[in-house]
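Visitor: This is the structure I want to talk about, given as structure tokens.
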Amino acid sequence: MKEYMLIIRNTLDSKSSFSIAQDLEFLNSCNQYIGKLEKGKNLIAAQPLIREGKILSGTPGAWKEDSFHTGKEVIVGYYHLLAKDLQSAIELAKENPEFTYTSTASIEVRPVKMKVETTGFVYPDKKNQA
């Protein structure tokens, strides 16, 4: 199994029109999705992100802080998964409730780099150091 990040993007106000009941329905759906990922031993971590923050850029002594939502789309959460291959990770991403409840969602599916091939450097694996 390889590690993948599902980076969930949506519009800043994608769920602002939801009633409390719709919001709870969405959250329950996310809970069921997480349960399925856990049962399949695919889930490492998952968390929504609050829609505020800063983007930091620059160099030491010349830092710049900008609002993170300069466009309409923002990262609203992530899932850190284990999957057999990229296509398996994509199939898991397609089941994400974000697609069911909004038409503006997108999910970036990215392999996690575990080793630098040119140097042989292996990144620390925190989940196996417990």
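Chains: A, B, ... in order of the structure tokens. Residues: from 1 per chain. Ligands: from 1, in order shown.
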If you run DSSP on this backbone, which residues of chain A come out as strand (DSSP E or B), and could you give them as a VMD selection string?

Guide: chain A and resid 2 to 11 43 to 48 54 to 59 62 to 67 73 to 83 106 to 111 115 122

Visitor: Just want the 12 Å neighbourhood of stretch 60-70 of chain A, counted on only C-alpha atoms, with same-chain residues fewer than 2 positions away dropped. Output as an NGL selection string.

Guide: :A and (9-13 or 49-58 or 72-76)

Visitor: Using DSSP on the backbone coordinates, identify all residues within chain A classified as helix (DSSP H, G or I); present the result as a count of residues only.

Guide: 36

Visitor: Just give me the gap between atom CA of A:Ser17 and atom CA of A:Glu91 in Å, one decimal is fine.

Guide: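 Here the two named atoms are 28.6 Å from each other.
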
Visitor: Give me, please, the distance in Å between atom CA of A:Phe18 and atom CA of A:Lys36, quoted to one decimal.

Guide: 24.7 Å

Visitor: So that I can see what lies close to A:Ile107, please list as a ChimeraX atom specification the residues with an atom at most 12 Å from it, counting only C-alpha atoms and leaving out residues fewer than 2 positions away in the same chain.

Guide: /A:4-10,73-79,89-99,104-105,109-110

Visitor: List as a count of residues only the protein and nucleic acid residues near A:Leu37, meaning an atom at most 12 Å away when only C-alpha atoms are counted, but skip any in the same chain fewer than 2 places from it.

Guide: 25
